[in-house]
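J.: Got a file for you: query.tsv, TSV, N, CA and C atoms.
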```tsv
chain	number	residue	atom	x	y	z
A	99	MET	N	-212.81	139.66	137.97
A	99	MET	CA	-212.15	138.45	137.52
A	99	MET	C	-213.03	137.25	137.84
A	100	THR	N	-212.93	136.30	136.99
A	100	THR	CA	-213.72	135.09	137.22
A	100	THR	C	-212.91	134.12	138.04
A	101	ASP	N	-213.58	133.11	138.54
A	101	ASP	CA	-212.89	132.12	139.37
A	101	ASP	C	-211.83	131.37	138.58
A	102	GLY	N	-212.06	131.17	137.29
A	102	GLY	CA	-211.10	130.44	136.45
A	102	GLY	C	-209.79	131.18	136.31
A	103	THR	N	-209.85	132.49	136.14
A	103	THR	CA	-208.61	133.25	135.99
A	103	THR	C	-207.87	133.38	137.32
A	104	LYS	N	-208.62	133.48	138.42
A	104	LYS	CA	-207.97	133.52	139.73
A	104	LYS	C	-207.24	132.22	140.00
A	105	GLU	N	-207.90	131.13	139.69
A	105	GLU	CA	-207.28	129.81	139.91
A	105	GLU	C	-206.06	129.63	139.02
A	106	LYS	N	-206.19	130.11	137.78
A	106	LYS	CA	-205.06	129.99	136.84
A	106	LYS	C	-203.87	130.81	137.35
A	107	LYS	N	-204.10	132.05	137.78
A	107	LYS	CA	-203.02	132.88	138.30
A	107	LYS	C	-202.40	132.26	139.55
A	108	TRP	N	-203.25	131.72	140.42
A	108	TRP	CA	-202.75	131.08	141.63
A	108	TRP	C	-201.89	129.87	141.27
A	109	ALA	N	-202.36	129.07	140.31
A	109	ALA	CA	-201.61	127.88	139.89
A	109	ALA	C	-200.27	128.28	139.26
A	110	GLU	N	-200.28	129.33	138.45
A	110	GLU	CA	-199.03	129.79	137.84
A	110	GLU	C	-198.06	130.30	138.90
A	111	ALA	N	-198.57	131.02	139.87
A	111	ALA	CA	-197.72	131.52	140.95
A	111	ALA	C	-197.12	130.36	141.75
A	112	GLN	N	-197.93	129.36	142.03
A	112	GLN	CA	-197.43	128.18	142.76
A	112	GLN	C	-196.36	127.46	141.95
A	113	PHE	N	-196.60	127.34	140.65
A	113	PHE	CA	-195.63	126.66	139.79
A	113	PHE	C	-194.30	127.42	139.79
A	114	LYS	N	-194.36	128.74	139.65
A	114	LYS	CA	-193.13	129.55	139.65
A	114	LYS	C	-192.42	129.45	140.99
A	115	LYS	N	-193.18	129.41	142.06
A	115	LYS	CA	-192.59	129.30	143.39
A	115	LYS	C	-191.86	127.97	143.53
A	116	GLU	N	-192.49	126.90	143.10
A	116	GLU	CA	-191.85	125.58	143.17
A	116	GLU	C	-190.63	125.52	142.25
A	117	GLU	N	-190.76	126.14	141.08
A	117	GLU	CA	-189.64	126.14	140.13
A	117	GLU	C	-188.43	126.88	140.72
A	118	ARG	N	-188.67	128.02	141.34
A	118	ARG	CA	-187.57	128.76	141.99
A	118	ARG	C	-186.96	127.94	143.11
A	119	ALA	N	-187.79	127.23	143.84
A	119	ALA	CA	-187.30	126.43	144.97
A	119	ALA	C	-186.38	125.31	144.49
A	120	THR	N	-186.66	124.75	143.31
A	120	THR	CA	-185.82	123.67	142.82
A	120	THR	C	-184.62	124.18	142.03
A	121	GLU	N	-184.77	125.31	141.33
A	121	GLU	CA	-183.68	125.84	140.52
A	121	GLU	C	-182.64	126.57	141.35
A	122	GLY	N	-183.04	127.14	142.46
A	122	GLY	CA	-182.11	127.91	143.29
A	122	GLY	C	-180.93	127.09	143.78
A	123	PRO	N	-181.16	125.98	144.44
A	123	PRO	CA	-180.03	125.17	144.90
A	123	PRO	C	-179.17	124.63	143.75
A	124	GLN	N	-179.81	124.31	142.64
A	124	GLN	CA	-179.06	123.81	141.48
A	124	GLN	C	-178.15	124.92	140.93
A	125	ALA	N	-178.67	126.12	140.83
A	125	ALA	CA	-177.87	127.25	140.35
A	125	ALA	C	-176.70	127.52	141.30
A	126	MET	N	-176.96	127.45	142.59
A	126	MET	CA	-175.90	127.68	143.57
A	126	MET	C	-174.83	126.60	143.48
A	127	SER	N	-175.26	125.38	143.26
A	127	SER	CA	-174.32	124.27	143.12
A	127	SER	C	-173.44	124.48	141.88
A	128	GLU	N	-174.05	124.90	140.78
A	128	GLU	CA	-173.28	125.16	139.56
A	128	GLU	C	-172.30	126.31	139.78
A	129	TYR	N	-172.75	127.35	140.46
A	129	TYR	CA	-171.88	128.49	140.74
A	129	TYR	C	-170.68	128.06	141.58
A	130	ASN	N	-170.93	127.26	142.62
A	130	ASN	CA	-169.84	126.79	143.48
A	130	ASN	C	-168.86	125.92	142.71
A	131	ALA	N	-169.37	125.08	141.81
A	131	ALA	CA	-168.49	124.23	141.01
A	131	ALA	C	-167.62	125.07	140.09
A	132	GLU	N	-168.20	126.11	139.50
A	132	GLU	CA	-167.43	127.00	138.62
A	132	GLU	C	-166.36	127.74	139.40
A	133	ARG	N	-166.70	128.22	140.58
A	133	ARG	CA	-165.71	128.93	141.41
A	133	ARG	C	-164.57	128.00	141.82
A	134	GLN	N	-164.90	126.74	142.17
A	134	GLN	CA	-163.87	125.79	142.56
A	134	GLN	C	-162.95	125.50	141.38
A	135	ALA	N	-163.50	125.34	140.19
A	135	ALA	CA	-162.69	125.10	139.00
A	135	ALA	C	-161.80	126.30	138.71
A	136	GLU	N	-162.34	127.49	138.90
A	136	GLU	CA	-161.56	128.71	138.67
A	136	GLU	C	-160.40	128.81	139.66
A	137	ARG	N	-160.65	128.49	140.92
A	137	ARG	CA	-159.58	128.52	141.93
A	137	ARG	C	-158.50	127.49	141.61
A	138	ALA	N	-158.91	126.30	141.16
A	138	ALA	CA	-157.94	125.27	140.82
A	138	ALA	C	-157.08	125.70	139.63
A	139	LYS	N	-157.72	126.29	138.64
A	139	LYS	CA	-156.98	126.74	137.46
A	139	LYS	C	-156.01	127.85	137.84
A	140	THR	N	-156.46	128.78	138.68
A	140	THR	CA	-155.60	129.88	139.12
A	140	THR	C	-154.40	129.35	139.89
A	141	ALA	N	-154.62	128.38	140.75
A	141	ALA	CA	-153.51	127.79	141.52
A	141	ALA	C	-152.52	127.10	140.60
A	142	ARG	N	-153.04	126.37	139.61
A	142	ARG	CA	-152.15	125.67	138.66
A	142	ARG	C	-151.33	126.68	137.87
A	143	LEU	N	-151.97	127.73	137.37
A	143	LEU	CA	-151.25	128.75	136.61
A	143	LEU	C	-150.22	129.48	137.47
A	144	ARG	N	-150.55	129.69	138.73
A	144	ARG	CA	-149.62	130.35	139.64
A	144	ARG	C	-148.38	129.48	139.85
A	145	GLU	N	-148.60	128.19	140.04
A	145	GLU	CA	-147.47	127.27	140.20
A	145	GLU	C	-146.58	127.27	138.97
A	146	LEU	N	-147.20	127.27	137.79
A	146	LEU	CA	-146.42	127.30	136.55
A	146	LEU	C	-145.62	128.60	136.44
A	147	ARG	N	-146.25	129.72	136.79
A	147	ARG	CA	-145.57	131.01	136.72
A	147	ARG	C	-144.39	131.06	137.69
A	148	LEU	N	-144.60	130.59	138.91
A	148	LEU	CA	-143.52	130.60	139.89
A	148	LEU	C	-142.37	129.69	139.46
A	149	ALA	N	-142.70	128.54	138.89
A	149	ALA	CA	-141.66	127.63	138.42
A	149	ALA	C	-140.87	128.26	137.27
A	150	LYS	N	-141.57	128.95	136.37
A	150	LYS	CA	-140.89	129.61	135.26
A	150	LYS	C	-140.00	130.73	135.77
A	151	GLU	N	-140.51	131.52	136.72
A	151	GLU	CA	-139.71	132.60	137.28
A	151	GLU	C	-138.46	132.06	137.98
A	152	ALA	N	-138.60	130.94	138.68
A	152	ALA	CA	-137.44	130.33	139.35
A	152	ALA	C	-136.43	129.83	138.33
A	153	ALA	N	-136.91	129.22	137.26
A	153	ALA	CA	-136.00	128.72	136.22
A	153	ALA	C	-135.31	129.89	135.52
A	154	ASP	N	-136.04	130.96	135.27
A	154	ASP	CA	-135.44	132.13	134.64
A	154	ASP	C	-134.39	132.76	135.55
A	155	LYS	N	-134.67	132.77	136.85
A	155	LYS	CA	-133.74	133.36	137.80
A	155	LYS	C	-132.45	132.54	137.88
A	156	GLU	N	-132.58	131.20	137.80
A	156	GLU	CA	-131.39	130.34	137.82
A	156	GLU	C	-130.58	130.51	136.55
A	157	ALA	N	-131.23	130.68	135.43
A	157	ALA	CA	-130.54	130.79	134.15
A	157	ALA	C	-129.98	132.20	133.93
A	158	GLU	N	-130.48	133.16	134.65
A	158	GLU	CA	-130.09	134.55	134.43
A	158	GLU	C	-128.59	134.81	134.61
A	159	PRO	N	-127.94	134.41	135.70
A	159	PRO	CA	-126.51	134.71	135.85
A	159	PRO	C	-125.64	134.09	134.77
A	160	ALA	N	-126.00	132.94	134.26
A	160	ALA	CA	-125.20	132.28	133.24
A	160	ALA	C	-125.30	133.00	131.90
A	161	THR	N	-126.42	133.57	131.59
A	161	THR	CA	-126.58	134.21	130.29
A	161	THR	C	-126.30	135.70	130.33
A	162	LYS	N	-126.33	136.30	131.50
A	162	LYS	CA	-126.11	137.73	131.61
A	162	LYS	C	-124.65	137.99	131.96
A	163	THR	N	-123.88	138.40	131.00
A	163	THR	CA	-122.50	138.79	131.26
A	163	THR	C	-122.34	140.21	130.75
A	164	ARG	N	-121.66	141.00	131.53
A	164	ARG	CA	-121.47	142.39	131.14
A	164	ARG	C	-120.19	142.51	130.34
A	165	VAL	N	-120.27	143.21	129.28
A	165	VAL	CA	-119.09	143.48	128.46
A	165	VAL	C	-118.70	144.92	128.72
A	166	ARG	N	-117.49	145.08	129.22
A	166	ARG	CA	-117.01	146.42	129.53
A	166	ARG	C	-116.22	146.95	128.32
A	167	PRO	N	-116.48	148.18	127.98
A	167	PRO	CA	-115.69	148.74	126.88
A	167	PRO	C	-114.23	148.92	127.31
A	168	ALA	N	-113.35	148.86	126.36
A	168	ALA	CA	-111.93	149.00	126.65
A	168	ALA	C	-111.64	150.39	127.16
A	169	ALA	N	-110.70	150.51	128.04
A	169	ALA	CA	-110.36	151.80	128.64
A	169	ALA	C	-109.74	152.72	127.60
A	170	GLY	N	-110.20	153.96	127.59
A	170	GLY	CA	-109.61	154.95	126.72
A	170	GLY	C	-110.22	155.01	125.33
A	171	LYS	N	-111.00	154.07	124.96
A	171	LYS	CA	-111.62	154.12	123.62
A	171	LYS	C	-113.06	154.57	123.78
A	172	SER	N	-113.51	155.35	122.84
A	172	SER	CA	-114.91	155.74	122.88
A	172	SER	C	-115.71	154.64	122.20
A	173	ALA	N	-116.86	154.38	122.73
A	173	ALA	CA	-117.71	153.29	122.25
A	173	ALA	C	-118.49	153.77	121.04
A	174	GLY	N	-117.94	153.59	119.84
A	174	GLY	CA	-118.66	153.88	118.62
A	174	GLY	C	-118.79	155.35	118.29
A	175	ARG	N	-118.08	156.20	118.95
A	175	ARG	CA	-118.17	157.62	118.65
A	175	ARG	C	-116.97	158.02	117.82
A	176	GLY	N	-117.23	158.77	116.85
A	176	GLY	CA	-116.05	159.27	116.17
A	176	GLY	C	-116.18	159.52	114.79
```
Could you render the structure as structure tokens?
T.:
Amino acid sequence: MTDGTKEKKWAEAQFKKEERATEGPQAMSEYNAERQAERAKTARLRELRLAKEAADKEAEPATKTRVRPAAGKSAGRG
């Protein structure tokens, strides 16, 4: 190898090393921001689900009434 190609390879390696050093923290920061947004969305959806379940539970006794068939009659058989 000539000195020019060694220097070029060394320069490219240094550039990649510096690039990784600057991109690494940025990528980690983006990852953390995405995880935080995901946790916030999950918490919001959980609150909505729990509120809906509570509302459904309160409305359930009012809408659920049992109809008992009359004594001695068969229910639709015959």
J.: Centre and edge lengths, as lines of an AutoDock Vina configuration file, for the axis-aligned box enclosing every listed atom of segment 123-138 of chain A with 8 Å of padding on each of the six sides, in Å to one decimal?
T.:
```
center_x = -169.1
center_y = 126.4
center_z = 141.8
size_x = 40.1
size_y = 21.1
size_z = 22.3
```
J.: Please return as a PyMOL selection string: the residues of segment 108-175 of chain A that backbone DSSP assigns to helix (DSSP H, G or I).
T.: chain A and resi 108-161
J.: Kindly give the distance, in Å, that separates atom C of Glu110 of chain A and atom CA of Asn130 of chain A, rounded to a single decimal.
T.: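 Computing it gives 28.8 Å between the two atoms.
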J.: Quote the spacing between atom C of Gly102 of chain A and atom CA of Arg118 of chain A in Å to one decimal place.
T.: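 Separation between atom C of Gly102 of chain A and atom CA of Arg118 of chain A: 23.1 Å.
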J.: What does the structure give for the distance between atom C of Glu136 of chain A and atom CA of Glu156 of chain A, in Å to one decimal?
T.: 29.1 Å
